[in-house]
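One structure below.
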Amino acid sequence: MTAAASAAPSAASRIAVVTGASSGIGAATARQLAAAGYRVVLTARRKDRIEALAEEIEAAGGQATAYTLDITDRGAVDEFATAFRTIGVLVNNAGGALGADPVASGDPAEWRQMYETNVIGTLNITQALLPALTASGDGTVVVVSSTAGHGTYEGGAGYVAAKHGEHVLAETLRLEIVGTPVRVIEIAPGMVRTDEFALTRFGGDSEKASKVYAGVAEPLTAEDVADTITWTVTRPSHVNIDLLVVRPRAQASNTKVHREL
């Protein structure tokens, strides 16, 4: 029996909401939390993706519900939140990077979109669901940030700024709600190879996307990060993993990566 399975959630806190659940880390996290005994609520903008994932989880014996949601739309988020009196877990995974231009030529529209998704979206859903998390008596807020939120690199300023904002949001929330039955966990992944992250960042340019991982034998996978998230969520209630940075062995920092070329 795995650690996650042995720490199955109580009935009062068995619902886990996962944002950005249509692919990558979000989808992998939904699968693993469902396997750990949570009823997962899958949110994302791509209705077909999350509905297919919900069917997959149900077929495997888990419980899942798909809800199409854009977390940057505060009205839609508030309406979504009315469906819950209590929830146990919120995984703030939705986000992403756009572009790799230097500050001198960065696209303000891309910067704005990254801030809206990574920071304002996380703020929206966390504010809306915090009462239900508190009402559960045993709530957990997970913020999936990035090592970009803890150190900068050339060509990454827009994404780095957004992820620093998300990191500060998590850190400040933890200070502000201490003494309530809600813990705040930040997971900061380094190099993770998923189907879409780098491809989205470079506007669908597969050649540029592939260069991100060139020569790196084993970048992290979405499943690696999901395993980390599930482990933190299933610790005993009095244990808070404030910040967990996870990188592949080949990556020592945001700018130091061993490549076998």
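Naming scheme: A, B, ... for chains in displayed order of the structure tokens; residues 1 onward per chain; ligands 1 onward as shown.
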
| request: List the neighbours of Glu56 in chain A out to 12 Å using only C-alpha atoms; skip same-chain residues closer than 5 positions along the sequence, and give me the result as number ranges by chain. | output: A: 27-28, 30-31, 34-35, 49-51, 61-66

| Could you pull the residues within 12 Å of Glu223 in chain A, counting only C-alpha atoms, minus those fewer than 4 positions along the same chain, as an NGL selection string? | :A and (23-33 or 189 or 192-194 or 219 or 227-230)

| task | Could you give me, as a ChimeraX atom specification, the residues within 7 Å of Val182 in chain A, counting only C-alpha atoms and dropping anything in the same chain fewer than 5 positions from it? | result | /A:133-134,138-140

Take the residues just selected and output them with N, CA and C atoms as a short mmCIF file (atom, residue, chain, number, x, y, z; two decimals), in the first residue's frame.
```cif
data_model
loop_
_atom_site.label_atom_id
_atom_site.label_comp_id
_atom_site.auth_asym_id
_atom_site.auth_seq_id
_atom_site.Cartn_x
_atom_site.Cartn_y
_atom_site.Cartn_z
N LEU A 133 -13.03 25.49 2.04
CA LEU A 133 -11.85 24.81 2.57
C LEU A 133 -11.81 24.93 4.09
N THR A 134 -12.12 26.11 4.60
CA THR A 134 -12.14 26.32 6.05
C THR A 134 -13.25 25.53 6.70
N ASP A 138 -10.41 20.78 7.64
CA ASP A 138 -9.13 20.15 7.31
C ASP A 138 -8.80 20.42 5.85
N GLY A 139 -8.59 21.70 5.52
CA GLY A 139 -8.40 22.08 4.13
C GLY A 139 -6.94 22.23 3.75
N THR A 140 -6.68 22.09 2.45
CA THR A 140 -5.33 22.26 1.92
C THR A 140 -5.39 23.04 0.63
#
```

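Interatomic distance, CA of Arg247 in chain A to CA of Gly190 in chain A: 4.6 Å.
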
| request: Just list the residues in range 119-254 of chain A DSSP gives alpha helix (DSSP H) on the backbone, as a ChimeraX atom specification. | output: /A:121-135,157-176,197-201,206-212,222-233

| task | Can you list, as a list of chain:residue names, all residues belonging to range 110-220 of chain A that DSSP tags as strand (DSSP E or B)? | result | A:Gly139, A:Thr140, A:Val141, A:Val142, A:Val143, A:Val144, A:Val178, A:Thr180, A:Val182, A:Arg183, A:Val184, A:Ile185, A:Glu186, A:Ile187, A:Ala188, A:Pro189, A:Val192, A:Leu220

Writing out the chosen residues with all heavy atoms as a short mmCIF file (atom, residue, chain, number, x, y, z; two decimals), in the first residue's frame:
```
data_model
loop_
_atom_site.label_atom_id
_atom_site.label_comp_id
_atom_site.auth_asym_id
_atom_site.auth_seq_id
_atom_site.Cartn_x
_atom_site.Cartn_y
_atom_site.Cartn_z
N GLY A 139 -8.59 21.70 5.52
CA GLY A 139 -8.40 22.08 4.13
C GLY A 139 -6.94 22.23 3.75
O GLY A 139 -6.07 22.47 4.60
N THR A 140 -6.68 22.09 2.45
CA THR A 140 -5.33 22.26 1.92
C THR A 140 -5.39 23.04 0.63
O THR A 140 -6.12 22.67 -0.29
CB THR A 140 -4.65 20.90 1.64
OG1 THR A 140 -4.58 20.13 2.85
CG2 THR A 140 -3.25 21.09 1.08
N VAL A 141 -4.61 24.11 0.56
CA VAL A 141 -4.42 24.86 -0.68
C VAL A 141 -3.04 24.52 -1.22
O VAL A 141 -2.04 24.69 -0.51
CB VAL A 141 -4.51 26.38 -0.46
CG1 VAL A 141 -4.19 27.14 -1.75
CG2 VAL A 141 -5.89 26.78 0.07
N VAL A 142 -2.98 24.02 -2.44
CA VAL A 142 -1.71 23.75 -3.10
C VAL A 142 -1.53 24.76 -4.22
O VAL A 142 -2.43 24.95 -5.03
CB VAL A 142 -1.66 22.33 -3.69
CG1 VAL A 142 -0.33 22.10 -4.42
CG2 VAL A 142 -1.87 21.28 -2.61
N VAL A 143 -0.38 25.40 -4.25
CA VAL A 143 -0.03 26.30 -5.34
C VAL A 143 1.13 25.67 -6.10
O VAL A 143 2.21 25.46 -5.54
CB VAL A 143 0.37 27.69 -4.81
CG1 VAL A 143 0.86 28.57 -5.96
CG2 VAL A 143 -0.81 28.35 -4.10
N VAL A 144 0.89 25.33 -7.36
CA VAL A 144 1.95 24.79 -8.20
C VAL A 144 2.61 25.98 -8.89
O VAL A 144 2.08 26.54 -9.85
CB VAL A 144 1.40 23.78 -9.24
CG1 VAL A 144 2.55 23.20 -10.06
CG2 VAL A 144 0.63 22.66 -8.54
N VAL A 178 -2.90 31.51 9.32
CA VAL A 178 -2.39 30.62 10.35
C VAL A 178 -3.36 30.63 11.53
O VAL A 178 -3.93 31.66 11.89
CB VAL A 178 -0.98 31.06 10.80
CG1 VAL A 178 -0.97 32.41 11.51
CG2 VAL A 178 -0.33 29.98 11.67
N THR A 180 -6.15 28.84 11.35
CA THR A 180 -7.35 28.24 10.77
C THR A 180 -7.02 26.80 10.36
O THR A 180 -5.85 26.44 10.24
CB THR A 180 -7.83 29.02 9.53
OG1 THR A 180 -6.93 28.78 8.44
CG2 THR A 180 -7.89 30.52 9.82
N VAL A 182 -6.63 25.31 7.69
CA VAL A 182 -6.25 25.25 6.28
C VAL A 182 -4.73 25.43 6.20
O VAL A 182 -4.18 26.38 6.76
CB VAL A 182 -6.94 26.34 5.44
CG1 VAL A 182 -6.50 26.25 3.97
CG2 VAL A 182 -8.46 26.23 5.54
N ARG A 183 -4.08 24.52 5.50
CA ARG A 183 -2.63 24.66 5.29
C ARG A 183 -2.38 25.09 3.85
O ARG A 183 -3.20 24.85 2.96
CB ARG A 183 -1.91 23.35 5.62
CG ARG A 183 -2.41 22.16 4.84
CD ARG A 183 -1.81 20.86 5.35
NE ARG A 183 -2.37 19.72 4.63
CZ ARG A 183 -1.98 18.46 4.80
NH1 ARG A 183 -1.02 18.18 5.67
NH2 ARG A 183 -2.54 17.50 4.10
N VAL A 184 -1.23 25.71 3.62
CA VAL A 184 -0.89 26.22 2.30
C VAL A 184 0.45 25.61 1.89
O VAL A 184 1.46 25.79 2.57
CB VAL A 184 -0.79 27.75 2.27
CG1 VAL A 184 -0.43 28.24 0.87
CG2 VAL A 184 -2.11 28.38 2.74
N ILE A 185 0.44 24.90 0.77
CA ILE A 185 1.60 24.17 0.27
C ILE A 185 1.99 24.75 -1.08
O ILE A 185 1.13 25.00 -1.93
CB ILE A 185 1.28 22.67 0.11
CG1 ILE A 185 1.01 22.04 1.48
CG2 ILE A 185 2.39 21.94 -0.64
CD1 ILE A 185 0.39 20.64 1.39
N GLU A 186 3.27 24.97 -1.28
CA GLU A 186 3.76 25.41 -2.59
C GLU A 186 4.69 24.34 -3.15
O GLU A 186 5.64 23.93 -2.49
CB GLU A 186 4.51 26.73 -2.50
CG GLU A 186 5.03 27.20 -3.86
CD GLU A 186 5.89 28.45 -3.79
OE1 GLU A 186 5.99 29.06 -2.70
OE2 GLU A 186 6.47 28.83 -4.83
N ILE A 187 4.40 23.90 -4.37
CA ILE A 187 5.26 22.97 -5.10
C ILE A 187 5.89 23.75 -6.25
O ILE A 187 5.19 24.33 -7.07
CB ILE A 187 4.46 21.78 -5.67
CG1 ILE A 187 3.65 21.08 -4.56
CG2 ILE A 187 5.40 20.79 -6.36
CD1 ILE A 187 4.47 20.45 -3.48
N ALA A 188 7.23 23.76 -6.29
CA ALA A 188 7.94 24.52 -7.31
C ALA A 188 8.75 23.57 -8.19
O ALA A 188 9.89 23.25 -7.88
CB ALA A 188 8.86 25.55 -6.66
N PRO A 189 8.17 23.12 -9.31
CA PRO A 189 8.89 22.20 -10.19
C PRO A 189 9.94 22.93 -11.04
O PRO A 189 9.75 24.09 -11.42
CB PRO A 189 7.79 21.62 -11.10
CG PRO A 189 6.50 22.05 -10.49
CD PRO A 189 6.79 23.31 -9.76
N VAL A 192 10.23 20.20 -16.35
CA VAL A 192 9.25 19.13 -16.51
C VAL A 192 8.91 19.02 -17.99
O VAL A 192 8.49 20.01 -18.61
CB VAL A 192 7.95 19.42 -15.72
CG1 VAL A 192 7.00 18.23 -15.82
CG2 VAL A 192 8.27 19.75 -14.27
N LEU A 220 11.92 15.84 -15.51
CA LEU A 220 10.78 15.38 -14.74
C LEU A 220 9.59 15.13 -15.67
O LEU A 220 9.50 15.72 -16.74
CB LEU A 220 10.37 16.44 -13.70
CG LEU A 220 11.36 16.77 -12.59
CD1 LEU A 220 10.78 17.87 -11.71
CD2 LEU A 220 11.70 15.55 -11.77
#
```

Would you kindly return, as a short mmCIF file (atom, residue, chain, number, x, y, z; two decimals) with C-alpha atoms, in the first residue's frame, each protein, DNA or RNA residue with an atom no farther than 10 Å from any atom of Gln127 in chain A, considering only C-alpha atoms and excluding same-chain residues fewer than 5 positions away?
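What landed in result-v6.cif:
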```
data_model
loop_
_atom_site.label_atom_id
_atom_site.label_comp_id
_atom_site.auth_asym_id
_atom_site.auth_seq_id
_atom_site.Cartn_x
_atom_site.Cartn_y
_atom_site.Cartn_z
CA VAL A 77 -15.38 31.26 -10.61
CA ASP A 78 -17.82 32.63 -8.04
CA ALA A 81 -17.82 28.00 -5.88
CA GLY A 121 -6.54 33.15 -11.69
CA THR A 122 -4.98 31.59 -8.59
CA ALA A 132 -15.41 25.90 1.81
#
```

| field | Shell of 9 Å around Gly155 in chain A, only C-alpha atoms, local chain residues under 2 positions omitted, as a ChimeraX atom specification | value | /A:99-103,106,153,157-158

| Between A:Ser237, A:Ala161, A:Gln113, A:Asn124, which one has atoms that come closest to Gly137 in chain A, using only C-alpha atoms? | A:Ser237

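With only C-alpha atoms as the atoms that count, the minimum distance from Thr255 in chain A to the choices A:Glu207, A:Asp70, A:Ile57, A:Val212 is reached by A:Val212.
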